[in-house]
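Below is one structure, written out as structure tokens; the observations come after it.
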Amino acid sequence: MATVPNRWWALPVVLVAVFMTTLDFFIANVAVPSMRAGLPADGSQAQLVIAGYGLAYAAGLVVAGRLGDLHGPRRVFAAGLALFTLASAACGAAPGAWALILARVVQGVAAALLAPQVLTLLGGLYRGADRARAFGWYGTAVGLAGVSGQVIGGLLIAADPWGLGWRACFLVNVPLGLLALAVTPRLVPAVPPASAHLPAPSPSPAREPRRRAGGARRGAGLDVAGGGLDVAGAGMVAAGLVAVVLPLAQGREQGWPAWTWLCLAASVPLLAGFARRQRRLAAAGRQPLLDLDVFGEKGFAGGLVAVALLFGGSAGLSFVLALYLQEGLGLGPATAGAVCTALNAGFLAGSSRTAALARRLGAGVPLAGAATLLLGLLLLHHVMAGAGDGVAYQVAGTLLVTGAGMGLLMSPLISTTLARVRPERSGAAAGVLGTVQETGGVLGGTLTGTVLLGSLESGWETAARAGLAVPAVCALGVLAVTALALRRAPGGRRTPVDSRAARACR
């Protein structure tokens, strides 16, 4: 595809959408105490406010990636942005707990529509070093949103604009969404659907009668045989992901009843059946919902593991900080947010140094970031054992190191994971990456919450340190994966993609 002259004007527009959808996963944690008192809402309902968004987001991403392939990423991006803005307004105006939960689910569906289109647009609008730079900025936006939830949420609740309280955490999306939606037609160029890159399927003669018979089912974008949306596959993958995420999000709160274990058991045949169906469709010359060959792209599968661990650890850290700073140390939302600005400052400092370090370390930058992240978490684990007025300052110091590790890791990791994916698989890769990010975040936050809340009888310091062990183990896992990837690279030498990644954050 020819380079689009105004392509750089599109970048801030799509990054605003990325920032909003990522921020909304984390900012709700800060709003939970005020939300429970203001609606009111019980513990199970408050948990669903958090989990409903992540659940809908994770379940819809693979389908949303395919919709972008079919109808064009800009069109689906605009639809998702409009729905997200509307759902954010509904969250801010919710009269009760169940209305808020429903609005959050719709918000998650809208975020799922948005996320894969952003990655597909970046892959279609930029080439070579520009593509690596664009993915680098994407990683920076995602990471900054993840570490800003505590700060932005705390400041909004403390400022209480127009007496909105916790509602401001959701309503802040409305003006940003409307502005981004207004400029999308002018600043975001249309990118051909990924399906335009695909060769026409060439089934064997024995399968031709079945294709013709399948033509009777065509219409309204449901053409499985010819390349439309695989509705049965969409239902299977959505049901499988819900069967994994919902019991993990609600199990601890409800005491792990029988339905949670039945759901987890059912997820295995659902997801396995989905994978078999996709392979069968591809073998028949039909267009699957998810091209499973994307997992064979060099470095993609290993990158997904590292991304899942990184986002799981980030969600777990957010959960620990939200409770430890306000409930454990007794800080107000604004003061807790001020402490967490150290995490933002460290992230910005780390991400600003990735290009310079990449010129010296090449593919070793993610390894350095993972090591720094693990060091920061271990230091935080140590200072949480203390008491007194100085603990908050010590926590801020360790968050500076932790944020620097995230900043060094996030952008190069996402950039190198996606940079080698071929254009015809960009929609599939974007959907898979988003699903892994969101599912990893839900699982990491749930596991951290289970450990922390299960240790509260021993006091806040002990419980917080126990919960923090989960993000620390995740960081150790990222360190192991990145070390293995570096070892497999001959001599740790920089590949052309690594060289482009070195320029990603310039």
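Here, A, B, ... name the chains of the structure tokens in the order displayed, residue numbers run from 1 inside each chain, and ligands are numbered from 1 in the same displayed order.
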Next on the checklist: When you look at region 274-284 of chain A with a cut-off of 7 Å (counting only C-alpha atoms), what residues show up, excluding the ones that are within fewer than 5 positions of it in the same chain? I need them as a PyMOL selection string.
Outcome noted: chain A and resi 203+233+236-237+289-290
Enumerate, in order of chain and increasing residue number, the residues of region 250-366 of chain A with an atom no farther than 10 Å from region 140-162 of chain A, each with its shortest atom pair and distance in Å to one decimal, counting only C-alpha atoms, as a tab-separated table.
```
residue	atom	partner	partner_atom	distance
A:Phe311	CA	A:Gly146	CA	8.7
A:Ser314	CA	A:Gly146	CA	7.3
A:Ala315	CA	A:Gly146	CA	8.0
A:Leu317	CA	A:Val147	CA	9.4
A:Ser318	CA	A:Gln150	CA	7.4
A:Phe319	CA	A:Gln150	CA	9.6
A:Leu321	CA	A:Gln150	CA	8.1
A:Ala322	CA	A:Gln150	CA	7.0
A:Gly332	CA	A:Ala158	CA	8.2
A:Pro333	CA	A:Gly154	CA	4.5
A:Ala334	CA	A:Gly154	CA	4.9
A:Thr335	CA	A:Gly154	CA	7.8
A:Ala336	CA	A:Gly154	CA	6.9
A:Gly337	CA	A:Val151	CA	4.0
A:Ala338	CA	A:Val151	CA	6.4
A:Val339	CA	A:Val151	CA	8.2
A:Cys340	CA	A:Val151	CA	6.0
A:Thr341	CA	A:Val151	CA	6.2
A:Ala342	CA	A:Val147	CA	9.6
A:Leu343	CA	A:Val147	CA	6.3
A:Asn344	CA	A:Val147	CA	5.9
A:Ala345	CA	A:Leu144	CA	9.6
A:Gly346	CA	A:Val147	CA	9.9
A:Phe347	CA	A:Leu144	CA	7.0
A:Leu348	CA	A:Leu144	CA	7.7
A:Ser351	CA	A:Thr140	CA	6.9
A:Ser352	CA	A:Thr140	CA	9.4
```
Within 10 Å of region 415-431 of chain A: each region 260-302 of chain A residue with its shortest pair, only C-alpha atoms, as a tab-separated table:
```
residue	atom	partner	partner_atom	distance
A:Pro288	CA	A:Ala428	CA	9.9
A:Leu289	CA	A:Ala428	CA	8.1
A:Leu290	CA	A:Ala428	CA	5.7
A:Asp291	CA	A:Ala428	CA	6.2
A:Leu292	CA	A:Ala428	CA	8.3
A:Asp293	CA	A:Arg425	CA	8.6
A:Val294	CA	A:Arg425	CA	6.4
A:Phe295	CA	A:Ala429	CA	8.3
A:Gly296	CA	A:Val421	CA	9.5
A:Glu297	CA	A:Val421	CA	6.1
A:Lys298	CA	A:Arg420	CA	6.7
A:Gly299	CA	A:Thr417	CA	6.1
A:Phe300	CA	A:Thr417	CA	5.2
A:Ala301	CA	A:Thr417	CA	8.2
A:Gly302	CA	A:Thr417	CA	8.1
```
Checklist entry - What separation in Å, quoted to one decimal, exists between CA of Gly376 (chain A) and CA of Tyr324 (chain A)? => result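 For CA of Gly376 (chain A) relative to CA of Tyr324 (chain A), the distance reads 16.7 Å.
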Item to check | CA of Leu119 (chain A) to CA of Val18 (chain A), distance in Å rounded to a single decimal | outcome: 9.7 Å
Item to check | Polymer residues at most 12 Å from Leu248 (chain A), only C-alpha atoms, same-chain spacing of 6 or more positions, as number ranges by chain | outcome: A: 47-48, 51, 54-55, 241-242, 254-257, 259-264, 439-450
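Distances here use only C-alpha atoms; by that measure, the residue among A:Ala234, A:Ile414, A:Ala363, A:Leu70 closest to Leu433 (chain A) is A:Ile414.
Distance-wise, CA of Leu400 (chain A) and CA of Leu378 (chain A) end up 12.7 Å apart.
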Next on the checklist: So that I can check the secondary structure, give me every residue of region 383-429 of chain A assigned helix (DSSP H, G or I) by backbone DSSP, as a ChimeraX atom specification.
Outcome noted: /A:383,391-419,423-429
Item to check | Distance criterion (only C-alpha atoms): nearest to Asn173 (chain A) out of A:Ala87, A:Ala368, A:Leu15, A:Ala129 | outcome: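 Counting only C-alpha atoms, the residue closest to Asn173 (chain A) is A:Ala87.
Residue neighbourhood of Leu39 (chain A), excluding near-sequence residues (fewer than 4 positions): Ser34, Met35, Ala94, Pro95, Gly96, Ala97, Trp98 and Leu100 of chain A, at 10 Å, using only C-alpha atoms.
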Keeping only all heavy atoms, write the selected residues as a compact mmCIF listing (two decimals), in the first residue's frame.
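Listed below is the output, part_18.txt:
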```txt
# COMPACT_ATOMS: atom_id res chain seq x y z
N SER A 34 -15.75 4.68 46.60
CA SER A 34 -16.77 5.73 46.48
C SER A 34 -18.02 5.21 45.78
O SER A 34 -19.15 5.59 46.13
CB SER A 34 -16.21 6.92 45.70
OG SER A 34 -15.06 7.44 46.31
N MET A 35 -17.82 4.34 44.81
CA MET A 35 -18.93 3.77 44.05
C MET A 35 -19.83 2.92 44.95
O MET A 35 -21.06 3.01 44.88
CB MET A 35 -18.35 2.92 42.92
CG MET A 35 -19.34 2.41 41.90
SD MET A 35 -18.50 1.19 40.86
CE MET A 35 -17.05 2.10 40.34
N ALA A 94 -25.38 6.27 35.46
CA ALA A 94 -26.07 5.08 35.95
C ALA A 94 -26.79 5.36 37.26
O ALA A 94 -26.18 5.83 38.22
CB ALA A 94 -25.06 3.95 36.14
N PRO A 95 -28.09 5.03 37.33
CA PRO A 95 -28.85 5.28 38.57
C PRO A 95 -28.66 4.23 39.65
O PRO A 95 -29.00 4.44 40.80
CB PRO A 95 -30.31 5.28 38.08
CG PRO A 95 -30.30 4.36 36.90
CD PRO A 95 -28.96 4.54 36.25
N GLY A 96 -28.13 3.06 39.27
CA GLY A 96 -27.96 1.99 40.23
C GLY A 96 -26.85 1.05 39.82
O GLY A 96 -26.25 1.19 38.74
N ALA A 97 -26.58 0.06 40.66
CA ALA A 97 -25.45 -0.83 40.44
C ALA A 97 -25.62 -1.66 39.17
O ALA A 97 -24.68 -1.79 38.37
CB ALA A 97 -25.27 -1.75 41.65
N TRP A 98 -26.81 -2.23 38.95
CA TRP A 98 -26.98 -3.09 37.78
C TRP A 98 -26.96 -2.30 36.48
O TRP A 98 -26.50 -2.80 35.45
CB TRP A 98 -28.26 -3.91 37.91
CG TRP A 98 -28.13 -4.99 38.94
CD1 TRP A 98 -28.75 -5.05 40.15
CD2 TRP A 98 -27.30 -6.15 38.85
NE1 TRP A 98 -28.36 -6.18 40.84
CE2 TRP A 98 -27.48 -6.88 40.06
CE3 TRP A 98 -26.44 -6.65 37.89
CZ2 TRP A 98 -26.81 -8.08 40.31
CZ3 TRP A 98 -25.77 -7.85 38.14
CH2 TRP A 98 -25.97 -8.54 39.34
N LEU A 100 -25.09 0.30 36.04
CA LEU A 100 -23.66 0.55 35.82
C LEU A 100 -22.98 -0.70 35.27
O LEU A 100 -22.14 -0.60 34.36
CB LEU A 100 -23.00 0.97 37.14
CG LEU A 100 -21.49 1.21 37.10
CD1 LEU A 100 -21.13 2.29 36.07
CD2 LEU A 100 -20.97 1.61 38.48
```
Checklist entry - Counting only C-alpha atoms, what is within 10 Å of Leu114 (chain A), bar same-chain residues fewer than 3 positions away, as number ranges by chain? => result A: 14, 17-18, 21, 57, 61, 64-65, 68, 73-74, 76-84, 108-111, 117-119
Next on the checklist: Using only C-alpha atoms, which protein or nucleic acid residues come within 12 Å of Ala306 (chain A)? Drop anything in the same chain fewer than 3 positions from it, and give the result as a PyMOL selection string.
Outcome noted: chain A and resi 299-303+309-313+366-367+370+409-410+412-414+416-417+433+436-437+440+474-485
